[in-house]
Amino acid sequence: MAASISGYTFSSVCYHSANTNSDHEGFLLGEVRQEETLSISDSHIGSSEFVSVIEVHNHEPCAQLFSFYDYAGNVNEENLNRILKDRRKNVIGWYRFRRNTQQQMSFREQVIHKQLTNILGIPDLVFLLFSFISTANSSTHALEYVLFRPNRNYNQRISLSIPNLGNTSQQEYKVSSVPNTSKNYAGVIKEHGNEFFDKDGVMKDIRAIFQVYSALQERVQAVCCEVDQSERVREKIQEEVNKLKEEIALRKRNRAEEERRLQEAAAVPLPDNSALPDSSQSSPTQVVLSGPSVEPSVERPVNSSSPPIYSTTLPPDSPSAILLPRPQAVGSPGHPSPSLGLGNGDGSSSDSLNRQATGQEDGDDEDSSEYENLVSEQLQPPSLTETVTLGRPATLWPDGDAHSPPGS
Amino acid sequence: MNSLSPEVALSRISPELRPLLCSVVRNGRIGLDSSSCLRITDLKSGCTSLMPGPCCDRFKLHIPYAGETLKWDIIFNAKEPELPPDFIFGEDADFLPEPSELPHLVSWDAGKPECLLQLVKELLQQYHQYQCQRLRDSSRLLFEYDSLLNDPNYGRSMEIYAGLKNSWTGEFSARFLLKLPVDFNNIPIYLLKDTALDPGEDVALLSVSFEDAEATQVFPKLYLSPSIEHALGGSSALHIPAFPSGGCLIDYVPQVCQLLTNKVQYVIQGYHKRREYIAAFLSHFGMGVVEYDAVGFTKLTLLLMWKDFCFLVHVDLPLYFPRDQPTLTFQSIYHFTSSGQLYSQVQKSYPYSPRWDGNEMAKRAKAYFKSFIPQFQEGAFANGKL
């Protein structure tokens with residue numbers, strides 16, 4: 001439980017009390033409200049705490065001692081009502097001021113408190129005790145105050161806070177929730193309020209801000225829809241792109257497979273020369289192959305800028321002539337670069353074969369040179385494969401001898 | 001916190017409240033230990049500091065109770081002196097007396113000086129009930145209380161303080177203060193008058209402290225009025241037995257009471273016996289009596305002559321005569337010791353019986369003198385100088 005008292009009420013009580021030449025008492029008016037605090041932290045999901053807050057708004061001083069009770073402490077309800085009048089329902093406690101005494105409820109105060117609790121029907125009736133202590137030479141005076149809730153068995157003292165009684169430069173200046181019961185204030189607000197408040201009593205600025213906020217919310221919602229749609233379109237397009245890529249990859253794999261088979265078939269020795277196809281009649285790829293026909297797509301386009309394919313008919317009695325590399329000048333576009341991959345080690349290069357078959361111009365030269373290199377690999381021992389990749393391949397001079405390029 | 005003397009307290013109190021306080025500080029003896037007066041401290045005022053004095057109207061009253069001292073705040077209002085006071089019962093925050101059972105509060109009359117004192121007595125009665133209620137936390141101690149309550153000798157003169165609870169260990173302890181029903185009226189006056197302080201009422205209080213609820217640690221202590229203690233021979237003369245293990249108060253208290261009574265009887269009896277003894281010596285020795293203690297009958301001096309040899313005999317009667325034998329001191333009137341004192345010899349063992357009456361003692365003493373004097377004379381001549 002917490003309690004607060006407004007600064008003006010507190011000072012008013014002190015003023016009344018300090019100006020009496022004896023003990024002084026009265027009633028506290030206000031309200032009790034419940035506050036729920038929800039706290040979420042990493043250690044636990046959440047917890048809620050209920051706190052009763054007592055707010056003292058006003059006070060009703062008694063004109064004299066024993067004004068509503070007798071010597072034995074018996075409360076007279078009639079006198080009580082005469083003092084409180086219609087404010088009885090606002091009573092939340094009572095107070096007492098006594099000089100130079102202990103901060104402890106006295107015998108009579110406890111007796112009266114019990115009776116007030118029953119008569120007023122307030123289970124948590126509080127008691128505020130003021131003690132005024134002065135030093136012997138009257139140089140220092142201290143006003144002490146303690147708020148009790150005597151009807152509890154434990155935690156009988158409650159801390160009483162006075163909003164804004166402190167260093168407000170370091171603390172936040174708090175607006176009290178105490179309702180203003182001043183008639184003058186109500187009149188002024190009524191007279192000038194139309195400039196600031198609308199018909200419902202809400203400040204106009206607040207409503208305007210709320211409208212801006214609502215408009216922003218609508219726009220955000222619209223943008224969300226647009227983003228959603230564009231995302232869906234993008235997703236669809238992405239799917240199509242992926243599909244096309246898969247098709248391309250599949251086609252490439254098939255062509256590579258095809259060319260590999262052609263290569264393997266060409267590597268098998270032929271039974272007679274008559275089986276050798278006429279080089280002038282076959283496509284370049286068919287020079288070294290016999291047997292299965294080559295796919296039409298394998299044919300080279302006519303307008304290819306690739307270097308002419310060497311189509312010299314080789315002597316039939318020279319089986320190795322089948323695998324002779326095609327002549328290619330140094331520096332030609334089809335000249336293989338050292339960094340080109342030369343296949344799978346067995347002399348075949350599916351990529352180069354496929355590219356060549358489809359008639360790709362840019363890669364053709366390189367691919368053809370790869371083909372050449374592959375063929376040369378088959379002739380050379382495996383240990384020379386790396387050497388070929390690093391240096392320029394041997395070029396075939398017109399005299400048919402293979403010479404290493406200068407500097408290799 | 002220094003207590004104020006009654007005069008100082010009365011001078012600072014508001015004039016309208018002075019009669020009430022006067023009754024407290026001068027006649028305020030309440031409780032069993034009525035030898036201790038009520039004390040006043042922390043005299044303060046409820047008026048503004050601008051109020052000219054004397055205007056004190058609130059103070060702390062110290063009340064002896066069951067071996068403790070209760071410190072109650074009493075709050076008046078100097079500006080409204082006709083109103084009854086309010087009280088703060090110090091550490092006993094749970095003590096809440098029933099106002100309807102305080103007649104002097106309900107019918108408070110500021111015009112009656114003893115009103116405050118009577119109100120304090122009524123509050124103390126309720127405080128006693130409150131403490132007895134607290135004994136219910138311990139069945140053992142409650143039994144002790146109930147058994148004493150039923151005994152008319154002790155039930156009405158008992159104070160209990162049951163507030164000594166150790167909050168750490170949860171141990172409960174209590175103290176019983178009992179007024180022992182011993183009659184001190186017959187103690188000779190001379191034994192009671194030699195005290196520096198005003199003794200007040202002669203009283204013997206037995207304090208029994210139970211340090212635990214099961215009564216395994218029990219510490220008794222006997223408190224006597226200063227005059228009684230002096231009359232019985234000082235604090236060393238009287239030792240009470242230890243509380244028996246497993247014993248209870250209803251057996252122990254009468255035991256202590258009987259012991260004290262016996263002591264008092266000894267003292268009284270001794271006085272009368274001494275008086276009888278002196279009277280008998282006066283009768284037997286007549287003109288030979290030089291002087292004697294006519295109040296306490298503790299001393300007697302005789303001047304005797306045997307074969308022209310004169311000598312003095314000083315008789316000292318102890319407190320517990322006739323149980324304890326009188327001391328005889330023979331003194332020569334002629335001979336001096338080297339230190340300039342008259343030559344003397346002390347005799348503590350001579351034929352004696354406590355069952356003899358005074359007359360018989362005087363006869364036997366005379367016979368002893370006759371038998372001892374020749375020996376004493378020889379000694380005086382031999383060891384003393386004229």
# chains A, B, ... in the order shown; residues from 1 in each chain; ligands from 1
$ interface_residues --of "chain B" --to "chain A" --cutoff "8 Å" --atoms "only C-alpha atoms" --output "CSV table (one decimal) with N, CA and C atoms, in the first residue's frame"
chain,number,residue,atom,x,y,z
B,44,LYS,N,8.0,17.5,29.2
B,44,LYS,CA,8.0,18.3,28.0
B,44,LYS,C,6.7,19.1,28.0
B,45,SER,N,6.6,19.9,27.0
B,45,SER,CA,5.3,20.8,26.8
B,45,SER,C,4.7,20.5,25.5
B,46,GLY,N,3.3,20.6,25.5
B,46,GLY,CA,2.6,20.5,24.3
B,46,GLY,C,2.2,21.8,23.7
B,47,CYS,N,2.6,22.9,24.4
B,47,CYS,CA,2.3,24.2,23.9
B,47,CYS,C,3.4,24.7,22.9
B,48,THR,N,3.1,25.8,22.2
B,48,THR,CA,4.2,26.3,21.3
B,48,THR,C,5.3,26.8,22.1
B,49,SER,N,6.5,26.9,21.5
B,49,SER,CA,7.7,27.3,22.1
B,49,SER,C,7.6,28.8,22.6
B,77,ASN,N,-2.8,18.1,28.4
B,77,ASN,CA,-2.8,19.4,27.6
B,77,ASN,C,-3.0,20.5,28.6
B,78,ALA,N,-1.9,21.3,28.7
B,78,ALA,CA,-1.9,22.4,29.7
B,78,ALA,C,-3.0,23.4,29.5
B,79,LYS,N,-3.4,23.6,28.2
B,79,LYS,CA,-4.4,24.6,27.9
B,79,LYS,C,-5.8,24.0,28.2
B,80,GLU,N,-5.9,22.7,28.4
B,80,GLU,CA,-7.2,22.1,28.8
B,80,GLU,C,-6.9,21.2,29.9
B,83,LEU,N,-9.1,18.0,31.1
B,83,LEU,CA,-9.2,16.8,30.3
B,83,LEU,C,-8.4,15.7,30.9
B,84,PRO,N,-8.8,14.4,30.7
B,84,PRO,CA,-8.0,13.3,31.3
B,84,PRO,C,-6.8,13.1,30.4
B,86,ASP,N,-3.7,11.0,28.3
B,86,ASP,CA,-3.6,9.9,27.4
B,86,ASP,C,-2.3,9.2,27.7
B,87,PHE,N,-2.1,7.9,27.3
B,87,PHE,CA,-1.0,7.1,27.7
B,87,PHE,C,-0.4,6.5,26.5
B,88,ILE,N,0.9,6.3,26.5
B,88,ILE,CA,1.7,5.5,25.6
B,88,ILE,C,2.5,4.5,26.4
B,89,PHE,N,2.2,3.2,26.2
B,89,PHE,CA,2.8,2.2,27.1
B,89,PHE,C,4.1,1.7,26.7
B,96,LEU,N,-3.5,-3.0,25.5
B,96,LEU,CA,-4.6,-2.1,25.3
B,96,LEU,C,-5.6,-2.3,26.4
B,97,PRO,N,-5.6,-1.5,27.4
B,97,PRO,CA,-6.6,-1.8,28.5
B,97,PRO,C,-8.0,-1.5,28.1
B,99,PRO,N,-11.1,0.6,28.5
B,99,PRO,CA,-11.4,1.8,29.2
B,99,PRO,C,-12.5,1.8,30.2
B,100,SER,N,-13.5,0.9,29.9
B,100,SER,CA,-14.7,0.8,30.8
B,100,SER,C,-14.3,0.3,32.2
B,105,LEU,N,-10.7,6.9,34.9
B,105,LEU,CA,-10.6,7.5,33.6
B,105,LEU,C,-12.0,7.9,33.2
B,106,VAL,N,-13.0,7.0,33.3
B,106,VAL,CA,-14.3,7.3,32.9
B,106,VAL,C,-14.9,8.5,33.6
B,107,SER,N,-14.6,8.5,34.9
B,107,SER,CA,-15.1,9.6,35.8
B,107,SER,C,-13.9,10.5,36.2
B,108,TRP,N,-13.2,10.9,35.2
B,108,TRP,CA,-12.0,11.7,35.5
B,108,TRP,C,-12.4,13.0,36.2
$ select_by_dssp --residues "range 174-360 of chain B" --states "helix (DSSP H, G or I)" --output "VMD selection string"
chain B and resid 189 to 192 226 to 231 235 to 237 249 to 288 358 to 360
$ residues_around --residues "Cys248 in chain B" --least-positions-apart "3" --cutoff "7 Å" --atoms "only C-alpha atoms" --output "compact mmCIF listing (two decimals) with all heavy atoms, in the first residue's frame"
# COMPACT_ATOMS: atom_id res chain seq x y z
N GLU B 144 2.63 -22.88 36.80
CA GLU B 144 3.24 -22.23 37.96
C GLU B 144 2.37 -21.08 38.46
O GLU B 144 2.14 -20.92 39.66
CB GLU B 144 4.64 -21.70 37.60
CG GLU B 144 5.66 -22.74 37.20
CD GLU B 144 6.22 -23.49 38.40
OE1 GLU B 144 5.75 -23.26 39.54
OE2 GLU B 144 7.12 -24.31 38.20
N ASP B 251 6.14 -25.35 45.75
CA ASP B 251 6.93 -26.04 46.79
C ASP B 251 8.10 -25.19 47.23
O ASP B 251 8.47 -25.18 48.40
CB ASP B 251 7.46 -27.37 46.25
CG ASP B 251 6.34 -28.34 45.91
OD1 ASP B 251 5.31 -28.31 46.61
OD2 ASP B 251 6.49 -29.10 44.93
N TYR B 252 8.67 -24.49 46.30
CA TYR B 252 9.90 -23.75 46.59
C TYR B 252 9.62 -22.49 47.41
O TYR B 252 10.35 -22.18 48.37
CB TYR B 252 10.61 -23.39 45.29
CG TYR B 252 11.87 -22.60 45.48
CD1 TYR B 252 13.04 -23.21 45.93
CD2 TYR B 252 11.91 -21.23 45.20
CE1 TYR B 252 14.20 -22.48 46.10
CE2 TYR B 252 13.06 -20.50 45.37
CZ TYR B 252 14.20 -21.13 45.82
OH TYR B 252 15.36 -20.40 45.98
$ residues_around --residues "Gln331 in chain B" --least-positions-apart "6" --cutoff "12 Å" --atoms "only C-alpha atoms" --output "ChimeraX atom specification"
/B:301-305,309-315,337,341-347,373,376-377,379-380,384
$ write_last_selection --atoms "N, CA, C and O atoms" --output "mmCIF file, in the first residue's frame"
data_model
loop_
_atom_site.group_PDB
_atom_site.id
_atom_site.type_symbol
_atom_site.label_atom_id
_atom_site.label_comp_id
_atom_site.auth_asym_id
_atom_site.auth_seq_id
_atom_site.Cartn_x
_atom_site.Cartn_y
_atom_site.Cartn_z
ATOM 1 N N THR B 301 29.227 -4.973 80.892
ATOM 2 C CA THR B 301 30.562 -4.848 81.471
ATOM 3 C C THR B 301 30.437 -4.931 83.007
ATOM 4 O O THR B 301 29.619 -4.222 83.595
ATOM 5 N N LEU B 302 31.289 -5.788 83.583
ATOM 6 C CA LEU B 302 31.276 -5.996 85.037
ATOM 7 C C LEU B 302 32.633 -5.600 85.609
ATOM 8 O O LEU B 302 33.673 -5.845 84.996
ATOM 9 N N LEU B 303 32.613 -5.041 86.786
ATOM 10 C CA LEU B 303 33.854 -4.759 87.534
ATOM 11 C C LEU B 303 33.810 -5.635 88.786
ATOM 12 O O LEU B 303 32.975 -5.435 89.680
ATOM 13 N N LEU B 304 34.761 -6.617 88.848
ATOM 14 C CA LEU B 304 34.741 -7.596 89.914
ATOM 15 C C LEU B 304 36.084 -7.564 90.665
ATOM 16 O O LEU B 304 37.088 -7.067 90.156
ATOM 17 N N MET B 305 36.039 -8.147 91.832
ATOM 18 C CA MET B 305 37.277 -8.189 92.649
ATOM 19 C C MET B 305 37.427 -9.581 93.210
ATOM 20 O O MET B 305 36.467 -10.158 93.741
ATOM 21 N N PHE B 309 42.137 -8.294 93.907
ATOM 22 C CA PHE B 309 42.524 -8.105 92.491
ATOM 23 C C PHE B 309 41.255 -7.708 91.734
ATOM 24 O O PHE B 309 40.295 -8.468 91.643
ATOM 25 N N CYS B 310 41.259 -6.503 91.248
ATOM 26 C CA CYS B 310 40.090 -6.014 90.509
ATOM 27 C C CYS B 310 40.277 -6.234 89.003
ATOM 28 O O CYS B 310 41.393 -6.043 88.490
ATOM 29 N N PHE B 311 39.205 -6.562 88.370
ATOM 30 C CA PHE B 311 39.296 -6.810 86.919
ATOM 31 C C PHE B 311 37.925 -6.531 86.297
ATOM 32 O O PHE B 311 36.917 -6.500 87.001
ATOM 33 N N LEU B 312 37.991 -6.313 85.048
ATOM 34 C CA LEU B 312 36.757 -6.066 84.271
ATOM 35 C C LEU B 312 36.427 -7.310 83.457
ATOM 36 O O LEU B 312 37.323 -8.001 82.979
ATOM 37 N N VAL B 313 35.142 -7.536 83.293
ATOM 38 C CA VAL B 313 34.681 -8.603 82.391
ATOM 39 C C VAL B 313 33.694 -7.981 81.412
ATOM 40 O O VAL B 313 32.651 -7.443 81.810
ATOM 41 N N HIS B 314 34.057 -8.052 80.130
ATOM 42 C CA HIS B 314 33.156 -7.551 79.072
ATOM 43 C C HIS B 314 32.446 -8.747 78.434
ATOM 44 O O HIS B 314 33.107 -9.684 77.975
ATOM 45 N N VAL B 315 31.153 -8.694 78.405
ATOM 46 C CA VAL B 315 30.362 -9.774 77.808
ATOM 47 C C VAL B 315 29.738 -9.257 76.510
ATOM 48 O O VAL B 315 29.034 -8.225 76.541
ATOM 49 N N THR B 337 49.600 -3.545 78.185
ATOM 50 C CA THR B 337 50.426 -4.268 77.215
ATOM 51 C C THR B 337 51.452 -3.314 76.652
ATOM 52 O O THR B 337 51.451 -2.114 76.951
ATOM 53 N N GLN B 341 47.612 -0.716 75.746
ATOM 54 C CA GLN B 341 46.245 -1.124 76.035
ATOM 55 C C GLN B 341 46.222 -1.892 77.351
ATOM 56 O O GLN B 341 47.208 -2.474 77.782
ATOM 57 N N LEU B 342 45.070 -1.919 77.946
ATOM 58 C CA LEU B 342 44.925 -2.695 79.164
ATOM 59 C C LEU B 342 45.055 -4.182 78.815
ATOM 60 O O LEU B 342 44.506 -4.643 77.817
ATOM 61 N N TYR B 343 45.741 -4.884 79.699
ATOM 62 C CA TYR B 343 45.969 -6.298 79.427
ATOM 63 C C TYR B 343 44.638 -7.025 79.489
ATOM 64 O O TYR B 343 43.868 -6.852 80.451
ATOM 65 N N SER B 344 44.359 -7.859 78.477
ATOM 66 C CA SER B 344 43.080 -8.573 78.454
ATOM 67 C C SER B 344 43.262 -9.933 77.827
ATOM 68 O O SER B 344 44.210 -10.184 77.082
ATOM 69 N N GLN B 345 42.312 -10.768 78.156
ATOM 70 C CA GLN B 345 42.264 -12.107 77.559
ATOM 71 C C GLN B 345 40.822 -12.393 77.166
ATOM 72 O O GLN B 345 39.892 -12.111 77.939
ATOM 73 N N VAL B 346 40.664 -12.981 75.986
ATOM 74 C CA VAL B 346 39.333 -13.294 75.454
ATOM 75 C C VAL B 346 39.061 -14.770 75.622
ATOM 76 O O VAL B 346 39.912 -15.602 75.301
ATOM 77 N N GLN B 347 37.901 -15.051 76.114
ATOM 78 C CA GLN B 347 37.494 -16.436 76.306
ATOM 79 C C GLN B 347 36.200 -16.689 75.545
ATOM 80 O O GLN B 347 35.177 -16.052 75.818
ATOM 81 N N ILE B 373 40.019 -16.661 87.218
ATOM 82 C CA ILE B 373 40.701 -15.435 87.622
ATOM 83 C C ILE B 373 42.131 -15.675 88.096
ATOM 84 O O ILE B 373 43.019 -14.899 87.749
ATOM 85 N N PHE B 376 44.224 -15.797 85.164
ATOM 86 C CA PHE B 376 44.287 -14.511 84.485
ATOM 87 C C PHE B 376 45.224 -13.561 85.228
ATOM 88 O O PHE B 376 45.995 -12.824 84.632
ATOM 89 N N GLN B 377 45.144 -13.639 86.535
ATOM 90 C CA GLN B 377 45.994 -12.749 87.336
ATOM 91 C C GLN B 377 47.463 -13.034 87.110
ATOM 92 O O GLN B 377 48.281 -12.135 86.954
ATOM 93 N N GLY B 379 48.738 -14.309 84.534
ATOM 94 C CA GLY B 379 49.080 -13.852 83.204
ATOM 95 C C GLY B 379 49.274 -12.362 83.151
ATOM 96 O O GLY B 379 50.175 -11.843 82.486
ATOM 97 N N ALA B 380 48.419 -11.647 83.871
ATOM 98 C CA ALA B 380 48.528 -10.191 83.870
ATOM 99 C C ALA B 380 49.841 -9.756 84.471
ATOM 100 O O ALA B 380 50.525 -8.864 83.984
ATOM 101 N N GLY B 384 51.867 -8.270 81.627
ATOM 102 C CA GLY B 384 51.556 -6.865 81.597
ATOM 103 C C GLY B 384 52.534 -6.083 82.442
ATOM 104 O O GLY B 384 53.342 -6.640 83.184
#
